[in-house]
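Asks: What follows is my_file_19.txt, compact mmCIF, C-alpha atoms and all ligand atoms.
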# COMPACT_ATOMS: atom_id res chain seq x y z
CA MET A 283 -14.77 -25.77 66.84
CA LYS A 284 -12.08 -28.43 66.44
CA LEU A 285 -13.45 -29.23 62.99
CA LEU A 286 -13.48 -25.56 62.03
CA LEU A 287 -9.82 -25.24 63.07
CA GLN A 288 -9.00 -28.38 61.08
CA GLU A 289 -10.72 -26.92 57.99
CA ILE A 290 -8.97 -23.60 58.35
CA HIS A 291 -5.64 -25.37 58.80
CA ASP A 292 -6.09 -27.56 55.69
CA LYS A 293 -7.33 -24.65 53.57
CA ALA A 294 -4.47 -22.43 54.71
CA LYS A 295 -1.85 -25.13 54.02
CA ASN A 296 -3.14 -25.60 50.46
CA GLU A 297 -3.29 -21.89 49.80
CA VAL A 298 0.27 -21.37 51.04
CA LYS A 299 1.43 -24.27 48.85
CA ASP A 300 -0.10 -22.65 45.75
CA VAL A 301 1.37 -19.19 46.29
CA PHE A 302 3.97 -18.01 43.77
CA GLU A 303 4.22 -14.34 44.66
CA LEU A 304 5.58 -12.80 47.86
CA LYS A 305 2.73 -10.31 47.77
CA ASN A 306 0.08 -13.06 47.80
CA LEU A 307 1.88 -14.77 50.65
CA LYS A 308 1.70 -11.56 52.64
CA ASP A 309 -2.04 -11.42 51.98
CA LEU A 310 -2.40 -14.98 53.29
CA ARG A 311 -0.52 -14.12 56.46
CA VAL A 312 -2.95 -11.25 57.06
CA LYS A 313 -5.90 -13.45 56.19
CA TYR A 314 -5.07 -16.12 58.80
CA LEU A 315 -2.65 -14.62 61.30
CA GLY A 316 -3.30 -10.88 61.07
CA LYS A 317 -5.13 -8.91 63.78
CA LYS A 318 -8.42 -9.82 62.19
CA GLY A 319 -7.12 -13.13 60.80
CA GLU A 320 -9.20 -16.29 61.04
CA ILE A 321 -6.93 -18.03 63.61
CA THR A 322 -6.50 -14.83 65.63
CA GLN A 323 -10.28 -14.44 65.78
CA ILE A 324 -10.68 -17.97 67.16
CA LEU A 325 -8.03 -17.34 69.82
CA LYS A 326 -9.69 -14.02 70.73
CA ASN A 327 -13.08 -15.66 71.04
CA LEU A 328 -12.00 -18.59 73.19
CA ASN A 329 -14.12 -17.21 76.03
CA THR A 330 -17.23 -18.13 74.02
CA VAL A 331 -16.14 -21.76 74.10
CA GLY A 332 -17.28 -23.96 76.92
CA SER A 333 -14.74 -24.05 79.75
CA ASP A 334 -14.17 -27.82 79.43
CA GLU A 335 -13.30 -27.54 75.72
CA ARG A 336 -11.40 -24.25 76.03
CA PRO A 337 -7.87 -25.57 76.97
CA GLU A 338 -7.89 -28.14 74.15
CA ILE A 339 -9.23 -25.70 71.51
CA GLY A 340 -6.70 -23.10 72.68
CA LYS A 341 -3.89 -25.62 72.39
CA ILE A 342 -4.94 -26.75 68.90
CA ALA A 343 -5.40 -23.14 67.75
CA ASN A 344 -1.87 -22.29 68.95
CA ILE A 345 -0.43 -25.36 67.19
CA VAL A 346 -2.24 -24.41 63.96
CA ARG A 347 -1.02 -20.83 64.31
CA SER A 348 2.62 -21.77 64.83
CA ASP A 349 2.43 -24.36 62.03
CA LEU A 350 1.05 -21.76 59.63
CA GLU A 351 3.68 -19.26 60.75
CA SER A 352 6.51 -21.66 60.01
CA LEU A 353 4.91 -22.76 56.69
CA ILE A 354 4.60 -19.15 55.60
CA ALA A 355 8.17 -18.36 56.72
CA GLN A 356 9.47 -21.38 54.80
CA LYS A 357 7.49 -20.41 51.69
CA GLU A 358 8.75 -16.87 52.02
CA LYS A 359 12.35 -18.07 51.99
CA GLU A 360 11.67 -20.32 48.98
CA LEU A 361 10.18 -17.44 47.02
CA GLU A 362 13.03 -15.07 47.97
CA ASP A 363 15.62 -17.67 46.93
CA LYS A 364 13.83 -18.13 43.63
CA ILE A 365 13.81 -14.40 42.96
CA LEU A 366 17.51 -14.14 43.81
CA THR A 367 18.40 -17.06 41.57
CA GLU A 368 16.43 -15.56 38.70
CA ARG A 369 18.11 -12.22 39.18
CA LEU A 370 21.59 -13.73 39.31
CA GLU A 371 20.81 -15.71 36.17
CA SER A 372 19.57 -12.68 34.26
CA GLU A 373 22.41 -10.42 35.40
CA ARG A 374 25.15 -12.95 34.99
CA ILE A 375 28.37 -11.74 33.37
CA ASP A 376 29.95 -14.36 31.22
CA VAL A 377 33.63 -13.75 31.72
CA THR A 378 34.49 -16.18 28.96
CA ILE A 379 32.63 -14.17 26.30
CA LYS A 380 34.89 -12.64 23.65
CA ASN A 381 35.52 -8.95 24.20
CA LYS A 382 35.16 -6.64 21.21
CA ARG A 383 38.79 -6.38 20.14
CA VAL A 384 40.33 -2.93 20.25
CA LYS A 385 42.76 -2.81 17.38
CA PRO A 386 46.13 -1.42 18.47
CA ALA A 387 46.87 1.90 16.80
CA ASN A 388 49.62 2.22 14.24
CA LEU A 389 51.86 5.14 13.39
CA HIS A 390 50.81 7.78 10.90
CA PRO A 391 52.84 7.49 7.67
CA LEU A 392 54.30 10.95 8.34
CA THR A 393 55.51 9.80 11.74
CA ILE A 394 56.99 6.61 10.27
CA VAL A 395 59.05 8.55 7.72
CA THR A 396 60.00 11.36 10.12
CA ARG A 397 61.36 8.83 12.60
CA GLU A 398 63.25 7.04 9.86
CA LEU A 399 64.93 10.27 8.74
CA GLU A 400 65.66 11.23 12.34
CA ASP A 401 67.34 7.87 12.85
CA ILE A 402 69.57 8.42 9.83
CA PHE A 403 70.64 11.88 10.99
CA LEU A 404 71.07 10.85 14.63
CA GLY A 405 73.39 8.12 13.31
CA MET A 406 75.42 10.86 11.59
CA GLY A 407 75.84 12.81 14.83
CA PHE A 408 73.01 15.33 14.46
CA GLU A 409 70.80 16.42 17.36
CA ILE A 410 67.09 17.14 17.07
CA ALA A 411 66.02 20.73 17.70
CA SER A 412 62.49 22.07 17.90
CA GLY A 413 60.79 25.44 18.18
CA PRO A 414 57.35 27.06 18.30
CA GLU A 415 54.97 26.97 15.35
CA ILE A 416 53.87 30.53 16.15
CA GLU A 417 56.94 32.59 15.37
CA THR A 418 58.09 36.19 15.17
CA VAL A 419 58.41 37.81 11.75
CA TYR A 420 62.02 38.48 12.71
CA ASN A 421 62.88 34.79 13.27
CA ASN A 422 60.82 33.63 10.31
CA PHE A 423 62.03 36.20 7.74
CA ASP A 424 64.36 39.00 8.86
CA ALA A 425 67.01 36.94 10.63
CA LEU A 426 67.04 34.60 7.62
CA ASN A 427 68.10 37.45 5.37
CA THR A 428 64.76 37.48 3.56
CA PRO A 429 64.44 40.80 1.68
CA LEU A 430 61.46 42.97 2.66
CA ASN A 431 60.03 42.61 -0.85
CA HIS A 432 60.43 38.81 -0.98
CA PRO A 433 57.18 37.23 -2.21
CA SER A 434 57.14 34.70 0.69
CA ARG A 435 56.38 37.62 3.05
CA ASP A 436 53.19 38.36 1.15
CA LEU A 437 49.88 38.13 2.99
CA GLU A 438 48.76 35.73 0.29
CA ASP A 439 51.52 33.29 1.19
CA THR A 440 51.86 33.63 4.95
CA PHE A 441 49.40 33.48 7.84
CA TYR A 442 49.94 36.67 9.86
CA ILE A 443 48.61 36.81 13.42
CA ASN A 444 49.63 40.46 13.60
CA ASN A 445 52.37 42.57 12.01
CA ASN A 446 55.07 40.85 14.06
CA ILE A 447 53.77 37.31 14.54
CA VAL A 448 53.21 34.60 11.92
CA LEU A 449 52.57 30.88 11.71
CA ARG A 450 56.07 29.77 10.74
CA THR A 451 56.43 29.17 7.01
CA GLN A 452 59.54 27.05 7.42
CA THR A 453 61.37 25.29 10.22
CA SER A 454 64.40 27.55 9.48
CA SER A 455 63.28 29.71 12.40
CA VAL A 456 64.49 26.83 14.61
CA GLN A 457 67.96 27.27 13.05
CA ILE A 458 67.93 30.94 14.08
CA ARG A 459 66.90 30.05 17.63
CA THR A 460 69.57 27.32 17.82
CA MET A 461 72.35 29.60 16.56
CA ARG A 462 71.36 32.32 19.04
CA ASP A 463 71.21 29.87 21.96
CA LYS A 464 74.26 27.71 21.27
CA LYS A 465 77.88 28.30 20.40
CA PRO A 466 79.31 26.38 17.43
CA PRO A 467 79.92 23.57 16.73
CA ILE A 468 76.23 23.16 15.88
CA LYS A 469 74.82 20.07 14.16
CA VAL A 470 71.04 19.86 14.33
CA ILE A 471 67.99 18.81 12.37
CA SER A 472 64.58 20.37 12.94
CA PRO A 473 61.61 18.35 11.75
CA GLY A 474 58.25 20.01 12.17
CA ARG A 475 54.97 21.42 10.97
CA VAL A 476 54.84 24.60 8.89
CA TYR A 477 52.06 26.75 7.46
CA ARG A 478 51.47 28.54 4.20
CA SER A 479 48.38 30.18 2.89
CA ASP A 480 47.75 27.58 0.16
CA ASP A 481 44.42 26.30 -1.05
CA VAL A 482 43.92 22.60 -0.47
CA ASP A 483 44.33 20.32 -3.47
CA ALA A 484 46.03 17.02 -4.29
CA THR A 485 49.52 18.51 -3.93
CA HIS A 486 48.97 21.57 -1.67
CA SER A 487 47.91 22.01 1.91
CA PRO A 488 48.05 25.03 4.26
CA VAL A 489 49.74 22.68 6.75
CA PHE A 490 52.68 20.54 5.80
CA HIS A 491 55.96 19.24 7.21
CA GLN A 492 59.61 19.99 6.72
CA LEU A 493 62.87 18.62 7.93
CA GLU A 494 65.78 21.03 7.93
CA GLY A 495 69.37 20.58 8.93
CA LEU A 496 72.09 23.00 10.04
CA VAL A 497 75.79 22.55 10.61
CA VAL A 498 77.97 25.44 11.83
CA ASP A 499 81.63 25.06 12.68
CA LYS A 500 85.07 26.23 11.55
CA ASP A 501 86.01 25.34 7.95
CA ILE A 502 82.62 24.08 6.85
CA SER A 503 82.46 24.04 3.06
CA MET A 504 80.33 22.91 0.16
CA SER A 505 82.11 19.54 0.19
CA ASP A 506 80.83 18.87 3.75
CA LEU A 507 77.33 19.67 2.55
CA LYS A 508 77.69 17.38 -0.44
CA TRP A 509 79.05 14.46 1.61
CA THR A 510 76.33 14.81 4.25
CA LEU A 511 73.48 14.92 1.75
CA GLU A 512 74.88 12.10 -0.38
CA THR A 513 75.27 9.92 2.69
CA PHE A 514 71.75 10.72 3.82
CA ILE A 515 70.14 10.18 0.41
CA LYS A 516 71.91 6.85 -0.14
CA LYS A 517 70.82 5.63 3.28
CA LEU A 518 67.26 6.59 2.44
CA TYR A 519 67.02 5.48 -1.20
CA GLY A 520 69.86 3.00 -1.63
CA GLN A 521 73.44 3.08 -2.90
CA ASP A 522 72.52 3.10 -6.59
CA ILE A 523 70.65 6.38 -6.50
CA LYS A 524 72.19 9.18 -8.60
CA ILE A 525 72.35 12.69 -7.13
CA ARG A 526 72.36 15.98 -9.03
CA PHE A 527 73.14 19.44 -7.63
CA ARG A 528 71.60 22.39 -9.48
CA PRO A 529 72.43 26.03 -8.71
CA HIS A 530 69.53 27.87 -7.11
CA TYR A 531 68.74 30.98 -5.10
CA PHE A 532 67.64 31.17 -1.46
CA PRO A 533 68.04 34.39 0.55
CA PHE A 534 69.49 32.53 3.54
CA THR A 535 72.21 30.53 1.78
CA GLU A 536 75.04 31.48 -0.57
CA PRO A 537 75.82 29.60 -2.73
CA SER A 538 72.53 27.72 -2.90
CA ALA A 539 71.57 24.52 -4.67
CA GLU A 540 68.62 22.31 -5.34
CA ILE A 541 69.30 18.61 -5.13
CA ASP A 542 67.65 16.05 -7.39
CA ILE A 543 67.81 12.28 -7.16
CA SER A 544 67.47 9.84 -10.04
CA CYS A 545 63.88 8.58 -10.27
CA PHE A 546 63.58 5.45 -8.12
CA VAL A 547 60.69 4.21 -10.25
CA CYS A 548 62.23 4.34 -13.74
CA GLY A 549 65.90 4.63 -12.70
CA GLY A 550 66.33 7.79 -14.79
CA LYS A 551 64.65 6.78 -18.06
CA GLY A 552 61.62 9.00 -17.47
CA CYS A 553 58.17 8.02 -16.25
CA ARG A 554 54.94 9.41 -14.81
CA VAL A 555 56.41 9.84 -11.31
CA CYS A 556 59.36 11.96 -12.50
CA LYS A 557 57.20 13.56 -15.24
CA GLY A 558 59.61 12.23 -17.87
CA GLU A 559 62.62 14.04 -16.32
CA GLY A 560 64.41 10.99 -14.93
CA PHE A 561 65.18 13.07 -11.84
CA ILE A 562 63.08 14.20 -8.87
CA GLU A 563 63.79 17.30 -6.79
CA ILE A 564 64.21 16.27 -3.18
CA LEU A 565 65.73 19.16 -1.23
CA GLY A 566 67.22 22.62 -1.17
CA ALA A 567 70.54 23.47 0.47
CA GLY A 568 73.48 25.82 0.58
CA LEU A 569 76.14 27.46 2.71
CA VAL A 570 74.64 29.63 5.42
CA HIS A 571 74.64 33.28 4.30
CA PRO A 572 77.15 35.36 6.34
CA ASN A 573 74.32 37.81 7.18
CA VAL A 574 72.34 35.00 8.84
CA LEU A 575 75.36 34.03 10.98
CA LYS A 576 75.86 37.72 11.91
CA ASN A 577 72.17 38.08 12.81
CA CYS A 578 72.64 35.26 15.31
CA GLY A 579 75.83 36.63 16.84
CA ILE A 580 78.19 34.21 15.07
CA ASP A 581 81.28 35.69 13.43
CA PRO A 582 81.28 34.68 9.72
CA GLU A 583 85.02 35.36 9.57
CA ILE A 584 85.61 32.46 11.99
CA TYR A 585 82.67 30.17 11.38
CA SER A 586 80.83 28.89 8.35
CA GLY A 587 77.97 26.49 7.96
CA PHE A 588 75.59 24.71 5.66
CA ALA A 589 71.87 24.20 5.80
CA PHE A 590 69.38 22.04 3.95
CA GLY A 591 65.64 21.51 3.97
CA MET A 592 63.16 19.10 2.51
CA GLY A 593 59.40 18.61 2.41
CA LEU A 594 58.49 15.55 4.44
CA ASP A 595 55.04 15.12 2.94
CA ARG A 596 56.45 14.61 -0.57
CA ILE A 597 58.87 11.99 0.72
CA VAL A 598 56.02 10.19 2.48
CA MET A 599 53.85 10.30 -0.64
CA ARG A 600 56.61 8.84 -2.81
CA ARG A 601 57.51 6.23 -0.22
CA PHE A 602 53.98 4.86 0.11
CA ASN A 603 52.79 5.67 -3.41
CA ILE A 604 50.17 8.11 -2.15
CA ASP A 605 48.89 10.32 -4.95
CA ASP A 606 46.84 12.80 -2.92
CA LEU A 607 48.34 14.93 -0.14
CA ARG A 608 44.92 15.37 1.47
CA LEU A 609 44.90 11.70 2.50
CA LEU A 610 47.63 12.49 5.03
CA TYR A 611 45.36 14.97 6.81
CA ASP A 612 41.86 13.49 6.42
CA ASN A 613 42.25 11.13 9.40
CA ASP A 614 40.40 8.41 7.53
CA ILE A 615 41.06 5.28 9.54
CA ARG A 616 40.57 3.05 6.47
CA PHE A 617 43.48 4.82 4.80
CA LEU A 618 45.71 5.16 7.86
CA SER A 619 45.33 1.53 8.97
CA GLN A 620 47.22 0.39 5.86
CA PHE A 621 50.57 1.53 7.21
ZN ZN B 701 60.79 8.19 -13.37
Just dump the structure as C-alpha cells.
Ligand SMILES: [Zn+2]
Replies:
Amino acid sequence: MKLLLQEIHDKAKNEVKDVFELKNLKDLRVKYLGKKGEITQILKNLNTVGSDERPEIGKIANIVRSDLESLIAQKEKELEDKILTERLESERIDVTIKNKRVKPANLHPLTIVTRELEDIFLGMGFEIASGPEIETVYNNFDALNTPLNHPSRDLEDTFYINNNIVLRTQTSSVQIRTMRDKKPPIKVISPGRVYRSDDVDATHSPVFHQLEGLVVDKDISMSDLKWTLETFIKKLYGQDIKIRFRPHYFPFTEPSAEIDISCFVCGGKGCRVCKGEGFIEILGAGLVHPNVLKNCGIDPEIYSGFAFGMGLDRIVMRRFNIDDLRLLYDNDIRFLSQF
C-alpha cells in the first residue's frame, strides 16, 4: 500500500508538472483528489488495511493528498499568471506610438475675403448687419422701389416659396430692415448669402455672396460715396489702382453708378482677365432713392444716403486666381486646403 501511494504520488507530481492548460489541471485534481479520485479512494478504503499499518498509511495518504493539493494550487497560479501576462502583452497600448495627425482646418477662401473686407469697413466706422435668407417679397423688391414689371422679379430669376416669400436675391433686404429698425445716422455693411435661379456653370451659381453697404445721415452726397469707395478699393487693391465711375440704373438708387477698377493683372493695358478692357467692374452704387427712404419711415427731405453692393465670389476668384466658381461650393478638400 505504501508503494502504491508512492507510485501515485510520483505519477501525479509528473503529470502536474507537464500540464499547460488550466482545464487539464482541473482534470488532474478530479483524477487524484476528486470524490472518486485515486487518493480519496485509498483514504476511503483504509478499513481494508490491517490495523497495525492503518495509522501509517493514513498519515502518508494525507501527506500525499496535501502535497498534491498545494502542487496543483501552485500550478494553477502559475498558469493564471501566464494567461494574464499574455493578455496584457496582446492588449497593450503603446502610448508612445504616433497618433494619426488630424490636420487643423483652415478658413474657406470666401470666409478669408469676407473677413478682410469686414475689417476694412469696421476700420472706417461701419457696423455689420445681418438678416434672414428667407425674405418677404416686400423687403426684397417692393421696399427697394423695384417696379412690378422688373425682370428680377421673374420666376425664372428668383426662387419663390410662395407669392409673398422668396429666397433673398440680394442682401439689400438687410438695408430695409436696418432703416426700419434704426434711426439715422446709419452706417452698416451686410455681407451674406443670396439666391438666384441660375444654372450652375463656371461663372454662375444659384447660391452666391454679396457685401452691401448703406450710409444714411443728413447731407450725404455723391462725394461721400466716392470717398468711401475709393478708400475701400485702395485698401483692398493698393494705392495705385485707378477707379472709374460709370452711370448706371438701379431701381433703389438715384443717381446710380457702376464702379470699375483698373485691371490689377495688366495695369490697364488689356489682358485675358479684364477681357482686353483694362478695367474690371467691381461694384454697383448710388444715392438711396427717396422712395426707399420713405418706405422705411425716413424723411428724404431731412436725410439722404448712399448704398453700394458687390459680389464677394468674384472678388475671391480674382484674389486667388480661381477660374471656376463651382470650386468654391464643391467642398473638395484638396482644393480648399490650398488656402
Ligand atoms: Zn487686364
Asks: Which of these, A:Glu494, A:Asp401, A:Glu559, A:Gly474, has the shortest distance to Lys517 in chain A once you count only C-alpha atoms?
Replies: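 Of A:Glu494, A:Asp401, A:Glu559, A:Gly474, the one nearest Lys517 in chain A is A:Asp401, counting only C-alpha atoms.
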Asks: Just give me the gap between CA of Thr535 in chain A and CA of Arg601 in chain A in Å, one decimal is fine.
Replies: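 Rounded to one decimal, the two atoms are 28.5 Å apart.
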Asks: For CA of Leu325 in chain A and CA of Phe302 in chain A, quote the distance in Å rounded to one decimal.
Replies: 28.7 Å
Asks: Could you list the protein, DNA and RNA residues that have any atom within 12 Å of ligand ZN 701 (chain B), counting only C-alpha atoms and all ligand atoms, and write them as a compact mmCIF listing (two decimals) with C-alpha atoms, keeping the file's coordinate frame?
Replies:
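Listed below is the output, result07.txt:
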# COMPACT_ATOMS: atom_id res chain seq x y z
CA ILE A 543 67.81 12.28 -7.16
CA SER A 544 67.47 9.84 -10.04
CA CYS A 545 63.88 8.58 -10.27
CA PHE A 546 63.58 5.45 -8.12
CA VAL A 547 60.69 4.21 -10.25
CA CYS A 548 62.23 4.34 -13.74
CA GLY A 549 65.90 4.63 -12.70
CA GLY A 550 66.33 7.79 -14.79
CA LYS A 551 64.65 6.78 -18.06
CA GLY A 552 61.62 9.00 -17.47
CA CYS A 553 58.17 8.02 -16.25
CA ARG A 554 54.94 9.41 -14.81
CA VAL A 555 56.41 9.84 -11.31
CA CYS A 556 59.36 11.96 -12.50
CA LYS A 557 57.20 13.56 -15.24
CA GLY A 558 59.61 12.23 -17.87
CA GLU A 559 62.62 14.04 -16.32
CA GLY A 560 64.41 10.99 -14.93
CA PHE A 561 65.18 13.07 -11.84
CA ILE A 562 63.08 14.20 -8.87
CA GLU A 563 63.79 17.30 -6.79
CA ARG A 600 56.61 8.84 -2.81
Asks: Find, counting all atoms listed in the file, the residue in A:Gln457, A:Asn603, A:Thr513, A:Thr485 that gets nearest to Phe588 in chain A.
Replies: A:Gln457
Asks: List every residue of range 324-358 of chain A that has an atom at most 12 Å from any atom of range 293-297 of chain A, giving for each one its closest atom pair and the distance in Å to one decimal, counting only C-alpha atoms, sorted by chain and then by ascending residue number, as a Markdown table.
Replies:
| residue | atom | partner | partner_atom | distance |
| --- | --- | --- | --- | --- |
| A:Val346 | CA | A:Ala294 | CA | 9.7 |
| A:Arg347 | CA | A:Ala294 | CA | 10.3 |
| A:Asp349 | CA | A:Lys295 | CA | 9.1 |
| A:Leu350 | CA | A:Lys295 | CA | 7.2 |
| A:Glu351 | CA | A:Lys295 | CA | 10.5 |
| A:Ser352 | CA | A:Lys295 | CA | 10.9 |
| A:Leu353 | CA | A:Lys295 | CA | 7.6 |
| A:Ile354 | CA | A:Lys295 | CA | 8.9 |
| A:Gln356 | CA | A:Lys295 | CA | 12.0 |
| A:Lys357 | CA | A:Lys295 | CA | 10.7 |
Asks: Restricting the calculation to only C-alpha atoms, which member of A:Ser503, A:Thr393, A:Asn381, A:Gln323 is positioned closest to Leu594 in chain A?
Replies: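 For Leu594 in chain A, the nearest of the candidates is A:Thr393.
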Asks: Tell me, as an MDAnalysis selection string, which residues lie within 10 Å of Tyr420 in chain A, counting all atoms listed in the file; anything in the same chain fewer than 3 positions away does not count.
Replies: chainID A and resid 417 423:428 446:448 455 458
Asks: Using all atoms listed in the file, find the one residue out of A:Glu362, A:Asp439, A:Glu320, A:Asp542 that sits nearest to Asp480 in chain A.
Replies: A:Asp439
Asks: Record the distance separating CA of Val301 in chain A and CA of Ile324 in chain A, expressed in Å with one decimal.
Replies: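 About the pair CA of Val301 in chain A and CA of Ile324 in chain A: they are 24.1 Å apart.
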Asks: Closest to Ile468 in chain A among A:His486, A:Arg311, A:Lys500, A:Lys364, using only C-alpha atoms?
Replies: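 Comparing A:His486, A:Arg311, A:Lys500, A:Lys364 against Ile468 in chain A, the winner is A:Lys500.
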